[in-house]
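Containing compact mmCIF, C-alpha atoms: start-v9.txt.
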```
# COMPACT_ATOMS: atom_id res chain seq x y z
CA MET Q 26 -37.00 3.98 -13.44
CA GLN Q 27 -33.94 5.93 -14.54
CA ALA Q 28 -30.65 5.50 -12.71
CA PRO Q 29 -28.84 8.55 -11.29
CA ALA Q 30 -27.35 10.35 -14.30
CA VAL Q 31 -24.14 12.26 -14.96
CA GLY Q 32 -23.87 14.62 -17.90
CA PRO Q 33 -21.10 14.76 -20.50
CA VAL Q 34 -19.52 17.99 -19.26
CA ALA Q 35 -19.26 16.85 -15.64
CA PHE Q 36 -17.93 13.45 -16.67
CA THR Q 37 -15.33 14.82 -19.09
CA ARG Q 38 -14.09 17.33 -16.52
CA GLY Q 39 -13.89 14.66 -13.85
CA VAL Q 40 -11.91 12.28 -16.06
CA ARG Q 41 -9.50 15.05 -17.05
CA ARG Q 42 -9.02 15.98 -13.41
CA GLY Q 43 -8.55 12.56 -11.85
CA GLY Q 44 -8.49 9.94 -14.61
CA PHE Q 45 -11.23 7.50 -15.59
CA LEU Q 46 -10.48 4.97 -12.86
CA ASP Q 47 -10.53 7.34 -9.90
CA PHE Q 48 -13.43 9.44 -11.15
CA ALA Q 49 -15.60 6.37 -11.69
CA GLY Q 50 -14.96 5.54 -8.03
CA GLU Q 51 -15.99 9.03 -6.97
CA LEU Q 52 -19.24 8.68 -8.92
CA TRP Q 53 -19.89 5.27 -7.35
CA ARG Q 54 -19.49 6.66 -3.85
CA GLU Q 55 -21.75 9.60 -4.72
CA HIS Q 56 -24.50 7.89 -6.71
CA GLY Q 57 -24.47 4.28 -5.51
CA ASP Q 58 -24.11 0.92 -7.22
CA VAL Q 59 -25.87 1.87 -10.47
CA PHE Q 60 -25.57 5.15 -12.40
CA GLU Q 61 -25.60 6.43 -15.96
CA VAL Q 62 -23.20 8.64 -17.86
CA HIS Q 63 -24.43 10.39 -21.01
CA LEU Q 64 -21.85 11.15 -23.69
CA GLY Q 65 -23.72 12.57 -26.65
CA PRO Q 66 -25.71 9.73 -28.24
CA ARG Q 67 -23.92 7.16 -26.09
CA THR Q 68 -25.02 5.96 -22.65
CA LEU Q 69 -22.60 4.29 -20.26
CA PHE Q 70 -24.42 2.35 -17.57
CA PHE Q 71 -22.11 1.61 -14.60
CA ALA Q 72 -23.09 -1.34 -12.39
CA MET Q 73 -20.92 -2.24 -9.40
CA HIS Q 74 -23.08 -4.59 -7.29
CA PRO Q 75 -22.45 -8.39 -7.52
CA ASP Q 76 -26.14 -8.93 -8.30
CA ALA Q 77 -25.72 -6.72 -11.38
CA VAL Q 78 -22.65 -8.70 -12.44
CA GLU Q 79 -24.64 -11.92 -12.15
CA HIS Q 80 -27.56 -10.49 -14.12
CA VAL Q 81 -25.52 -9.12 -17.02
CA THR Q 82 -23.23 -12.12 -17.37
CA VAL Q 83 -25.49 -15.03 -16.40
CA SER Q 84 -29.20 -14.75 -15.69
CA GLY Q 85 -29.92 -11.91 -18.14
CA ARG Q 86 -27.05 -12.47 -20.53
CA GLN Q 87 -29.39 -12.83 -23.53
CA HIS Q 88 -29.83 -9.05 -23.38
CA TYR Q 89 -26.10 -8.31 -23.70
CA ASP Q 90 -23.25 -8.99 -26.09
CA LYS Q 91 -19.84 -7.70 -27.12
CA GLY Q 92 -21.08 -5.15 -29.61
CA LYS Q 93 -19.78 -1.74 -30.63
CA SER Q 94 -17.63 -1.44 -27.52
CA TYR Q 95 -15.28 -4.03 -29.01
CA ASP Q 96 -15.10 -2.63 -32.55
CA VAL Q 97 -11.67 -1.02 -32.01
CA VAL Q 98 -10.25 -4.20 -30.46
CA ARG Q 99 -11.59 -6.32 -33.31
CA ARG Q 100 -10.38 -3.96 -36.01
CA TYR Q 101 -6.88 -3.22 -34.76
CA LEU Q 102 -5.93 -6.16 -32.56
CA ILE Q 103 -7.64 -9.52 -32.58
CA GLY Q 104 -9.99 -9.65 -35.56
CA GLU Q 105 -12.51 -12.40 -34.92
CA GLY Q 106 -10.53 -13.95 -32.08
CA LEU Q 107 -12.47 -15.40 -29.16
CA VAL Q 108 -12.37 -12.28 -26.96
CA GLY Q 109 -14.27 -10.21 -29.51
CA SER Q 110 -16.27 -12.70 -31.60
CA THR Q 111 -20.02 -13.05 -31.15
CA GLY Q 112 -22.97 -15.29 -32.02
CA ASP Q 113 -22.48 -18.68 -33.65
CA LEU Q 114 -18.80 -18.01 -34.42
CA TRP Q 115 -18.06 -17.41 -30.74
CA LYS Q 116 -19.96 -20.58 -29.73
CA GLN Q 117 -18.11 -22.65 -32.31
CA GLN Q 118 -14.68 -21.30 -31.38
CA ARG Q 119 -15.29 -21.57 -27.66
CA LYS Q 120 -16.32 -25.19 -28.03
CA LEU Q 121 -13.25 -25.97 -30.15
CA MET Q 122 -10.78 -24.27 -27.81
CA ALA Q 123 -12.21 -25.00 -24.36
CA PRO Q 124 -10.51 -28.44 -23.95
CA PHE Q 125 -7.08 -26.81 -24.35
CA PHE Q 126 -7.66 -24.53 -21.35
CA THR Q 127 -9.23 -26.77 -18.71
CA PRO Q 128 -7.25 -27.24 -15.48
CA ARG Q 129 -6.09 -30.59 -16.87
CA GLY Q 130 -5.44 -29.25 -20.36
CA ILE Q 131 -3.11 -26.45 -19.27
CA GLN Q 132 -0.91 -28.85 -17.25
CA ALA Q 133 0.79 -29.68 -20.56
CA TYR Q 134 2.42 -26.25 -20.41
CA ALA Q 135 3.68 -26.44 -16.84
CA ASP Q 136 7.13 -27.53 -18.07
CA VAL Q 137 7.33 -24.52 -20.40
CA ILE Q 138 6.44 -22.19 -17.53
CA MET Q 139 8.92 -23.92 -15.24
CA ARG Q 140 11.84 -23.74 -17.67
CA ASP Q 141 11.32 -20.04 -18.30
CA ALA Q 142 10.86 -19.35 -14.59
CA VAL Q 143 14.17 -21.02 -13.74
CA ALA Q 144 15.96 -19.19 -16.58
CA PHE Q 145 14.44 -15.91 -15.44
CA ALA Q 146 15.66 -16.55 -11.89
CA ASP Q 147 19.19 -16.70 -13.32
CA ARG Q 148 18.60 -13.29 -14.92
CA TRP Q 149 17.47 -11.91 -11.56
CA ASN Q 150 20.52 -13.40 -9.90
CA GLU Q 151 22.69 -11.21 -12.13
CA LEU Q 152 20.51 -8.15 -11.48
CA SER Q 153 20.70 -8.72 -7.73
CA ARG Q 154 24.49 -8.83 -7.87
CA ALA Q 155 24.62 -5.58 -9.84
CA GLY Q 156 22.08 -3.82 -7.58
CA THR Q 157 20.44 -2.35 -10.68
CA GLU Q 158 17.03 -0.71 -10.30
CA ILE Q 159 14.49 -2.22 -12.70
CA ASP Q 160 10.92 -1.52 -13.79
CA MET Q 161 9.07 -4.55 -12.48
CA SER Q 162 6.30 -4.22 -15.06
CA HIS Q 163 8.92 -4.57 -17.81
CA GLU Q 164 10.49 -7.59 -16.10
CA MET Q 165 7.20 -9.43 -15.76
CA THR Q 166 6.26 -8.68 -19.36
CA LEU Q 167 9.58 -10.20 -20.48
CA VAL Q 168 8.96 -13.51 -18.76
CA THR Q 169 5.23 -13.88 -19.52
CA ALA Q 170 5.73 -12.95 -23.20
CA SER Q 171 8.45 -15.58 -23.50
CA ILE Q 172 6.27 -18.23 -21.87
CA ILE Q 173 3.20 -17.68 -24.04
CA LEU Q 174 5.24 -17.56 -27.27
CA ARG Q 175 6.93 -20.86 -26.42
CA ALA Q 176 3.59 -22.41 -25.42
CA MET Q 177 1.87 -21.03 -28.52
CA PHE Q 178 4.47 -21.48 -31.24
CA SER Q 179 7.33 -23.47 -29.64
CA THR Q 180 9.40 -20.35 -30.32
CA GLN Q 181 12.93 -20.63 -28.99
CA ALA Q 182 14.77 -17.72 -30.66
CA THR Q 183 15.10 -14.81 -28.23
CA GLU Q 184 15.23 -12.32 -31.12
CA THR Q 185 11.87 -13.53 -32.46
CA ILE Q 186 10.31 -13.36 -29.00
CA ASP Q 187 11.58 -9.80 -28.53
CA GLU Q 188 10.33 -8.68 -31.96
CA LEU Q 189 6.85 -10.13 -31.48
CA ARG Q 190 6.55 -8.78 -27.95
CA ASP Q 191 7.48 -5.26 -29.06
CA ALA Q 192 5.20 -5.41 -32.10
CA VAL Q 193 2.17 -6.51 -30.09
CA SER Q 194 2.94 -3.77 -27.55
CA THR Q 195 2.82 -1.24 -30.40
CA MET Q 196 -0.51 -2.64 -31.58
CA LEU Q 197 -1.94 -2.43 -28.06
CA GLY Q 198 -0.84 1.17 -27.68
CA PHE Q 199 -2.35 2.07 -31.03
CA ALA Q 200 -5.68 0.44 -30.16
CA ASP Q 201 -5.81 2.31 -26.84
CA ALA Q 202 -5.16 5.59 -28.67
CA GLN Q 203 -8.01 4.90 -31.10
CA MET Q 204 -10.50 4.96 -28.23
CA VAL Q 205 -9.75 8.58 -27.30
CA GLY Q 206 -8.58 11.75 -29.01
CA ILE Q 207 -8.25 12.59 -32.70
CA ARG Q 208 -8.08 9.64 -35.10
CA PHE Q 209 -6.65 9.70 -38.61
CA PRO Q 210 -7.61 7.08 -41.20
CA LEU Q 211 -5.08 4.27 -41.24
CA TRP Q 212 -3.90 5.18 -44.75
CA VAL Q 213 -2.68 8.60 -43.55
CA PRO Q 214 1.11 8.23 -43.07
CA THR Q 215 1.35 9.61 -39.55
CA PRO Q 216 4.18 8.18 -37.38
CA ARG Q 217 1.63 6.37 -35.22
CA ASN Q 218 -0.18 4.85 -38.21
CA THR Q 219 3.08 3.83 -39.86
CA GLY Q 220 4.34 2.22 -36.65
CA TYR Q 221 1.08 0.31 -36.23
CA ARG Q 222 1.04 -0.98 -39.82
CA HIS Q 223 4.64 -2.17 -39.52
CA ALA Q 224 3.90 -3.95 -36.22
CA ARG Q 225 0.68 -5.52 -37.55
CA ASP Q 226 2.38 -6.76 -40.71
CA LEU Q 227 5.24 -8.26 -38.68
CA VAL Q 228 2.87 -10.11 -36.34
CA HIS Q 229 0.56 -11.32 -39.12
CA GLY Q 230 3.49 -12.32 -41.32
CA THR Q 231 5.28 -14.22 -38.56
CA ILE Q 232 2.17 -16.24 -37.71
CA ALA Q 233 1.46 -16.94 -41.39
CA ASP Q 234 5.03 -18.17 -41.86
CA VAL Q 235 4.81 -20.53 -38.90
CA ILE Q 236 1.50 -21.96 -40.14
CA ALA Q 237 2.91 -22.39 -43.66
CA GLU Q 238 6.00 -24.18 -42.33
CA ARG Q 239 3.79 -26.68 -40.50
CA ARG Q 240 1.54 -27.23 -43.50
CA ALA Q 241 4.65 -28.12 -45.49
CA ILE Q 242 5.60 -31.07 -43.27
CA ASP Q 243 3.83 -34.19 -42.08
CA GLU Q 244 1.41 -33.54 -39.22
CA SER Q 245 3.16 -36.19 -37.12
CA LEU Q 246 6.19 -33.87 -37.01
CA TRP Q 247 4.30 -30.84 -35.68
CA PRO Q 248 5.36 -29.70 -32.19
CA ASP Q 249 2.90 -30.23 -29.35
CA ASP Q 250 1.97 -26.59 -28.79
CA LEU Q 251 -1.19 -24.49 -28.83
CA LEU Q 252 -0.91 -23.60 -32.51
CA SER Q 253 -0.75 -27.27 -33.52
CA ARG Q 254 -3.79 -27.97 -31.37
CA LEU Q 255 -5.70 -25.12 -33.03
CA MET Q 256 -4.68 -26.37 -36.50
CA GLN Q 257 -5.80 -29.92 -35.68
CA ALA Q 258 -9.12 -28.92 -34.08
CA ARG Q 259 -12.25 -29.84 -36.01
CA ASP Q 260 -15.84 -28.79 -35.58
CA ALA Q 261 -17.77 -31.76 -34.16
CA GLU Q 262 -20.73 -31.27 -36.53
CA THR Q 263 -19.14 -30.13 -39.80
CA GLY Q 264 -15.62 -31.55 -39.44
CA GLU Q 265 -14.25 -28.19 -40.60
CA ALA Q 266 -10.93 -26.81 -39.44
CA MET Q 267 -10.26 -23.16 -38.61
CA SER Q 268 -9.51 -20.90 -41.54
CA GLU Q 269 -6.04 -19.35 -41.85
CA THR Q 270 -7.49 -15.99 -40.80
CA LEU Q 271 -9.11 -17.46 -37.69
CA LEU Q 272 -5.90 -19.29 -36.77
CA ARG Q 273 -4.09 -15.97 -36.94
CA ASP Q 274 -6.76 -14.10 -34.96
CA GLU Q 275 -6.92 -16.74 -32.23
CA SER Q 276 -3.12 -16.82 -32.02
CA ILE Q 277 -2.97 -13.06 -31.48
CA THR Q 278 -5.81 -13.25 -28.97
CA ILE Q 279 -4.10 -15.98 -26.95
CA TYR Q 280 -0.82 -14.09 -27.01
CA PHE Q 281 -2.41 -10.83 -25.85
CA ALA Q 282 -4.61 -12.43 -23.20
CA GLY Q 283 -1.91 -14.90 -22.21
CA HIS Q 284 0.82 -12.48 -21.23
CA GLU Q 285 -0.49 -8.94 -20.74
CA THR Q 286 -2.87 -9.67 -17.86
CA THR Q 287 -0.55 -12.15 -16.11
CA ALA Q 288 2.34 -9.68 -16.33
CA ARG Q 289 0.15 -7.09 -14.62
CA THR Q 290 -0.88 -9.55 -11.91
CA LEU Q 291 2.71 -10.50 -11.08
CA THR Q 292 3.86 -6.87 -11.14
CA PHE Q 293 1.20 -5.95 -8.61
CA ALA Q 294 2.06 -9.03 -6.53
CA TRP Q 295 5.63 -7.76 -6.03
CA TYR Q 296 4.25 -4.35 -5.07
CA ALA Q 297 1.90 -5.91 -2.52
CA LEU Q 298 4.61 -8.14 -1.01
CA ALA Q 299 6.98 -5.19 -0.66
CA GLN Q 300 4.24 -3.21 1.09
CA HIS Q 301 3.25 -6.04 3.41
CA PRO Q 302 6.31 -7.75 4.90
CA GLU Q 303 4.17 -9.95 7.14
CA VAL Q 304 2.51 -11.45 4.05
CA ALA Q 305 5.88 -11.87 2.36
CA ALA Q 306 7.23 -13.65 5.45
CA ARG Q 307 4.35 -16.19 5.40
CA LEU Q 308 4.80 -16.78 1.69
CA HIS Q 309 8.56 -17.26 2.13
CA ASP Q 310 8.02 -19.72 4.97
CA GLU Q 311 5.66 -21.73 2.79
CA VAL Q 312 7.85 -21.93 -0.32
CA ASP Q 313 10.96 -22.63 1.78
CA GLY Q 314 9.25 -25.49 3.59
CA VAL Q 315 7.83 -27.11 0.46
CA LEU Q 316 10.35 -26.46 -2.29
CA GLY Q 317 13.72 -26.73 -0.66
CA ASP Q 318 16.34 -25.81 -3.24
CA GLY Q 319 14.54 -27.10 -6.32
CA PRO Q 320 11.79 -25.73 -8.56
CA PRO Q 321 8.21 -26.80 -7.78
CA THR Q 322 6.45 -29.70 -9.40
CA LEU Q 323 2.74 -29.65 -10.12
CA GLU Q 324 2.22 -31.89 -7.09
CA GLN Q 325 4.08 -29.44 -4.86
CA LEU Q 326 1.92 -26.55 -6.05
CA HIS Q 327 -0.98 -28.12 -4.15
CA ALA Q 328 1.13 -27.73 -1.02
CA LEU Q 329 1.50 -23.99 -1.65
CA PRO Q 330 -2.03 -22.74 -0.89
CA TYR Q 331 -0.94 -19.47 0.70
CA THR Q 332 1.05 -18.54 -2.41
CA LEU Q 333 -2.11 -19.00 -4.48
CA GLN Q 334 -4.10 -17.00 -1.90
CA VAL Q 335 -1.66 -14.12 -2.43
CA VAL Q 336 -2.29 -14.30 -6.20
CA LYS Q 337 -6.06 -14.26 -5.68
CA GLU Q 338 -5.87 -11.29 -3.33
CA VAL Q 339 -3.74 -9.41 -5.87
CA LEU Q 340 -6.43 -10.14 -8.46
CA ARG Q 341 -9.02 -8.76 -6.05
CA LEU Q 342 -7.39 -5.43 -5.24
CA TYR Q 343 -5.55 -4.96 -8.53
CA PRO Q 344 -7.47 -6.76 -11.30
CA ALA Q 345 -5.71 -6.41 -14.65
CA ALA Q 346 -9.03 -5.48 -16.29
CA PRO Q 347 -10.56 -2.93 -13.88
CA PHE Q 348 -13.61 -2.53 -16.17
CA TYR Q 349 -15.13 -4.56 -18.98
CA ALA Q 350 -18.08 -3.75 -21.18
CA ARG Q 351 -21.24 -5.46 -22.36
CA ASP Q 352 -23.58 -3.83 -24.89
CA ALA Q 353 -27.36 -4.02 -24.44
CA VAL Q 354 -28.88 -5.60 -27.55
CA ASP Q 355 -32.37 -4.66 -26.36
CA ALA Q 356 -33.99 -2.85 -23.46
CA ASP Q 357 -33.51 -4.43 -20.04
CA ALA Q 358 -33.45 -3.55 -16.36
CA ILE Q 359 -30.80 -3.97 -13.70
CA GLY Q 360 -32.65 -4.04 -10.42
CA PRO Q 361 -35.17 -1.16 -10.53
CA PHE Q 362 -33.23 0.76 -13.17
CA ASP Q 363 -34.04 0.73 -16.89
CA VAL Q 364 -31.21 -0.06 -19.28
CA PRO Q 365 -31.95 1.34 -22.75
CA ALA Q 366 -31.14 -0.65 -25.86
CA ASN Q 367 -27.65 0.10 -27.22
CA ALA Q 368 -26.38 1.30 -23.85
CA THR Q 369 -22.95 0.08 -22.83
CA VAL Q 370 -22.92 -1.54 -19.40
CA MET Q 371 -19.61 -1.09 -17.59
CA LEU Q 372 -18.91 -3.85 -15.05
CA SER Q 373 -16.02 -3.23 -12.70
CA PRO Q 374 -13.97 -5.90 -10.94
CA TYR Q 375 -11.93 -3.05 -9.45
CA TYR Q 376 -14.89 -1.59 -7.55
CA THR Q 377 -17.02 -4.70 -7.06
CA HIS Q 378 -13.95 -6.16 -5.32
CA ARG Q 379 -13.99 -3.13 -3.01
CA HIS Q 380 -17.70 -3.23 -2.22
CA PRO Q 381 -18.01 -2.81 1.58
CA GLY Q 382 -21.16 -4.90 1.61
CA PHE Q 383 -19.17 -7.98 0.57
CA TRP Q 384 -15.57 -7.28 1.60
CA PRO Q 385 -14.81 -6.28 5.20
CA ASP Q 386 -12.14 -3.57 5.30
CA PRO Q 387 -12.00 -3.80 1.49
CA GLU Q 388 -8.81 -1.77 0.94
CA ARG Q 389 -6.76 -4.05 3.20
CA PHE Q 390 -4.54 -6.61 1.47
CA ASP Q 391 -5.44 -9.88 3.17
CA PRO Q 392 -4.75 -13.28 1.52
CA ASP Q 393 -6.70 -15.00 4.30
CA ARG Q 394 -9.85 -13.93 2.46
CA TRP Q 395 -9.08 -16.93 0.23
CA THR Q 396 -9.37 -19.85 2.62
CA ARG Q 397 -11.79 -22.47 1.36
CA ASP Q 398 -14.47 -21.58 3.92
CA ALA Q 399 -14.22 -17.84 3.23
CA GLU Q 400 -14.58 -18.39 -0.51
CA HIS Q 401 -17.64 -20.61 -0.13
CA ALA Q 402 -19.37 -18.09 2.13
CA ARG Q 403 -19.05 -15.21 -0.33
CA HIS Q 404 -21.47 -13.99 -3.02
CA GLY Q 405 -20.63 -15.90 -6.19
CA HIS Q 406 -20.16 -12.72 -8.24
CA ALA Q 407 -18.44 -10.48 -5.69
CA TYR Q 408 -15.21 -11.57 -7.40
CA HIS Q 409 -14.83 -11.56 -11.19
CA PRO Q 410 -11.25 -10.71 -12.23
CA PHE Q 411 -11.61 -12.81 -15.39
CA ALA Q 412 -15.20 -11.64 -16.11
CA ALA Q 413 -18.03 -14.11 -15.43
CA GLY Q 414 -20.61 -16.39 -16.96
CA PRO Q 415 -20.19 -18.24 -20.27
CA ARG Q 416 -17.83 -15.51 -21.49
CA ILE Q 417 -15.41 -15.82 -18.59
CA CYS Q 418 -11.84 -15.59 -19.88
CA ILE Q 419 -10.92 -18.96 -21.35
CA GLY Q 420 -7.31 -18.53 -20.18
CA ASN Q 421 -8.07 -18.03 -16.49
CA ASN Q 422 -6.67 -21.44 -15.50
CA PHE Q 423 -3.49 -20.85 -17.51
CA SER Q 424 -3.03 -17.43 -15.87
CA LEU Q 425 -3.49 -18.79 -12.35
CA LEU Q 426 -1.08 -21.67 -12.95
CA GLU Q 427 1.52 -19.33 -14.48
CA SER Q 428 1.20 -16.77 -11.67
CA HIS Q 429 1.34 -19.46 -8.98
CA LEU Q 430 4.47 -21.09 -10.44
CA LEU Q 431 6.36 -17.90 -11.23
CA LEU Q 432 5.67 -16.35 -7.85
CA ALA Q 433 6.78 -19.52 -6.05
CA VAL Q 434 10.01 -19.90 -8.05
CA LEU Q 435 11.06 -16.26 -7.80
CA ALA Q 436 9.95 -15.63 -4.20
CA ARG Q 437 11.98 -18.66 -3.14
CA ARG Q 438 15.17 -16.80 -4.09
CA PHE Q 439 14.38 -13.08 -4.18
CA ALA Q 440 12.70 -10.27 -2.24
CA PRO Q 441 12.35 -7.22 -4.54
CA ARG Q 442 12.44 -3.86 -2.73
CA LEU Q 443 10.54 -0.70 -3.71
CA ARG Q 444 12.38 2.51 -4.43
CA GLU Q 445 12.53 4.62 -1.28
CA GLY Q 446 9.62 7.06 -1.13
CA TYR Q 447 7.77 5.51 -4.07
CA ARG Q 448 4.06 6.36 -4.23
CA PRO Q 449 1.90 4.51 -6.74
CA ARG Q 450 -0.65 6.11 -9.03
CA TRP Q 451 -3.06 3.58 -10.46
CA LEU Q 452 -4.43 4.27 -13.94
CA MET Q 453 -6.62 2.51 -16.45
CA ARG Q 454 -5.07 2.35 -19.91
CA GLY Q 455 -6.99 -0.55 -21.32
CA THR Q 456 -5.58 -2.62 -18.46
CA LEU Q 457 -4.74 -1.49 -14.95
CA THR Q 458 -1.31 0.08 -14.85
CA LEU Q 459 1.01 2.09 -12.65
CA GLU Q 460 1.99 5.50 -13.94
CA ASP Q 461 5.75 5.53 -14.57
CA GLY Q 462 6.05 1.79 -13.87
CA LEU Q 463 7.13 0.06 -10.66
CA PRO Q 464 10.77 0.87 -9.71
CA MET Q 465 12.31 -1.93 -7.63
CA THR Q 466 15.68 -3.42 -6.78
CA ILE Q 467 16.10 -7.20 -6.85
CA LEU Q 468 17.50 -8.40 -3.53
CA PRO Q 469 18.58 -12.00 -2.89
CA ARG Q 470 17.02 -13.69 0.10
```

Any chance you could give the structure as structure tokens?
Amino acid sequence: MQAPAVGPVAFTRGVRRGGFLDFAGELWREHGDVFEVHLGPRTLFFAMHPDAVEHVTVSGRQHYDKGKSYDVVRRYLIGEGLVGSTGDLWKQQRKLMAPFFTPRGIQAYADVIMRDAVAFADRWNELSRAGTEIDMSHEMTLVTASIILRAMFSTQATETIDELRDAVSTMLGFADAQMVGIRFPLWVPTPRNTGYRHARDLVHGTIADVIAERRAIDESLWPDDLLSRLMQARDAETGEAMSETLLRDESITIYFAGHETTARTLTFAWYALAQHPEVAARLHDEVDGVLGDGPPTLEQLHALPYTLQVVKEVLRLYPAAPFYARDAVDADAIGPFDVPANATVMLSPYYTHRHPGFWPDPERFDPDRWTRDAEHARHGHAYHPFAAGPRICIGNNFSLLESHLLLAVLARRFAPRLREGYRPRWLMRGTLTLEDGLPMTILPR
């Protein structure tokens, strides 16, 4: 049985009129939980129901992989890094890297997060005194980029952190642009191509230099960071270490996944708190009662459940990845609807998290959805901000710990205020973003 179908002309016009994110929502409300979009030889198969998420990522995952939909990301960003690798390479890399990102494994980086959070609070103290309006998305990118570079490479130099952050941002923008519009071969010296090549060479060269510096000294002198752990990892069966190319690709992947999505989550958290003063008041009461005047310890984080509930509710309404793709390697079916081989299935945390069949009053921001009892009573795949199944984002625990700590430290001292009259426009540009940023003023509490 064929799913309701939308033609290329109607889809292109709709995206131009309202943007991909909003128009996909219009089609969902019109056609239901499963529908197709035909774009020339390509078929996009949208599936919003939690049962579809479970099928594609778990029970029927043998029919799907990260195929052609990830070619641009592999070519221009992460190479064979874990996010885009497939088959035996993905299995090998996942097995090697998984111990570093368990809830226990990521506790080793709590001190790094804490130190940067406290230093960043000092920056905000100066901004609050000056009354300067800031773009919150820029602020959160600053702190999360610093944290992941210190955790990854033990990088301390601010200049190096700034250079790498800006270079990766250029690479991300270039990759996004390759997915739409006119593309020139990379050898053509357009300003965009030249900027990308410079940024790529800087990132690749910096990582290669760090690896070479470590190879040149005794392993006992290596810092205890993620790069050292990757360099020391060995395949359990063959005893082989990662190649230099894989070390580079995984480093870029961890950097991208380790700061971009968390920066988005924290940006949207400040928006939500400014819009919902009653939620902010409960969060402030909790952090005030637990933390006192000092930064939180890992033990104290367990006494900040409402703060974590706020993070989870932000991830529900404003997931950093509003859509993610899986490519059908052979013919399949989702419910009664046939999925042709080579179709691209688009799963959507953004809309699954708004499904009225699973979320009462789904547009309402309500952290009380995340009490233990409420979580246990819910469909297991009604919530998938980090994807789902075996290919769930390996850094989900790191992101939650980082978001929890940063929000607690900063909300203890500050209450950012939105620009008067600000109205958000949510867009999908690879990740979920706010058009023109998020203008706020940092106010001391």

Subject >> Q:Gly382, Q:Val312, Q:Thr68, Q:Gly462 ranked by distance to Arg403 of chain Q, top pick (using only C-alpha atoms) >> reply: Q:Gly382

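Between atom CA of Gly420 of chain Q and atom CA of Asp352 of chain Q there is a distance of 22.4 Å.
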
Original post:
Counting only C-alpha atoms, what is within 10 Å of Gly405 of chain Q, bar same-chain residues fewer than 6 positions away, as a list in words?
Top reply: Pro75, Asp76, Val78, Glu79 and Ala413 of chain Q

Any chance you could tabulate, as CSV, the residues of segment 339-399 of chain Q at most 9 Å from segment 444-454 of chain Q with each one's nearest atom pair and distance in Å to one decimal, using all atoms listed in the file, in chain and rising number order?
```
residue,atom,partner,partner_atom,distance
Q:Ala346,CA,Q:Met453,CA,8.3
Q:Pro347,CA,Q:Met453,CA,7.2
Q:Phe348,CA,Q:Met453,CA,8.6
```

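You can rank Q:Phe439, Q:Glu51, Q:Gly455, Q:Val213 by their closest distance to Phe145 of chain Q using all atoms listed in the file, and at the top of that list sits Q:Phe439.
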
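Distances here use only C-alpha atoms; by that measure, the residue among Q:Ile138, Q:Leu52, Q:Val97, Q:Ala402 closest to Met196 of chain Q is Q:Val97.
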
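Excluding Ile279 of chain Q and any residue on its chain fewer than 5 positions from it, the residues at most 9 Å away by all atoms listed in the file are Gly106, Leu107, Ile173, Met177, Asp274, His284 and Gly420 of chain Q.
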
**OP:** Quick one: everything within 12 Å of His406 of chain Q, counting only C-alpha atoms, minus sequence neighbours fewer than 2 positions away in the same chain. Send it as an MDAnalysis selection string.
**Re:** chainID Q and resid 73:84 372:374 377:378 380 383 400:404 408:414 417

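Take the candidates Q:Met26, Q:Asn422, Q:Leu316, Q:Thr111 and check each one against Pro124 of chain Q using only C-alpha atoms; the shortest distance goes to Q:Asn422.
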
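Checking Q:Val59, Q:Ile236, Q:Ala288, Q:Leu152 one by one against Val370 of chain Q, counting all atoms listed in the file, you find the shortest gap at Q:Val59.
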
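The gap separating atom CA of Arg470 of chain Q from atom CA of Ser428 of chain Q is 20.0 Å, in Å to one decimal.
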
**OP:** Measuring atom to atom with only C-alpha atoms, identify which of Q:Lys91, Q:Leu425, Q:Ile467, Q:Val304 is nearest to Arg148 of chain Q.
**Re:** Q:Ile467

**OP:** Mind checking which residues fall within 12 Å of Ala366 of chain Q, counting all atoms listed in the file, ignoring those fewer than 6 positions away in the same chain, and posting them as a PyMOL selection string?
**Re:** chain Q and resi 66-70+88-90+92+351-358

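Take atom CA of Asp96 of chain Q and atom CA of Thr369 of chain Q: the distance between them is 12.8 Å.
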
Give me segment 216-222 of chain Q with N, CA and C atoms filled in, as a PDB file, keeping the file's coordinate frame.
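Ended up saving to part_37.pdb:
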```pdb
ATOM      1  N   PRO Q 216       3.243   9.108 -38.045  1.00  0.00           N
ATOM      2  CA  PRO Q 216       4.180   8.180 -37.380  1.00  0.00           C
ATOM      3  C   PRO Q 216       3.461   7.068 -36.629  1.00  0.00           C
ATOM      4  N   ARG Q 217       2.358   7.401 -35.969  1.00  0.00           N
ATOM      5  CA  ARG Q 217       1.630   6.370 -35.220  1.00  0.00           C
ATOM      6  C   ARG Q 217       1.032   5.325 -36.154  1.00  0.00           C
ATOM      7  N   ASN Q 218       0.401   5.793 -37.241  1.00  0.00           N
ATOM      8  CA  ASN Q 218      -0.180   4.850 -38.210  1.00  0.00           C
ATOM      9  C   ASN Q 218       0.884   3.975 -38.846  1.00  0.00           C
ATOM     10  N   THR Q 219       2.002   4.590 -39.223  1.00  0.00           N
ATOM     11  CA  THR Q 219       3.080   3.830 -39.860  1.00  0.00           C
ATOM     12  C   THR Q 219       3.639   2.784 -38.910  1.00  0.00           C
ATOM     13  N   GLY Q 220       3.838   3.166 -37.644  1.00  0.00           N
ATOM     14  CA  GLY Q 220       4.340   2.220 -36.650  1.00  0.00           C
ATOM     15  C   GLY Q 220       3.389   1.066 -36.439  1.00  0.00           C
ATOM     16  N   TYR Q 221       2.067   1.367 -36.402  1.00  0.00           N
ATOM     17  CA  TYR Q 221       1.080   0.310 -36.230  1.00  0.00           C
ATOM     18  C   TYR Q 221       1.086  -0.647 -37.407  1.00  0.00           C
ATOM     19  N   ARG Q 222       1.086  -0.115 -38.638  1.00  0.00           N
ATOM     20  CA  ARG Q 222       1.040  -0.980 -39.820  1.00  0.00           C
ATOM     21  C   ARG Q 222       2.267  -1.892 -39.875  1.00  0.00           C
TER      22      ARG Q 222
END
```
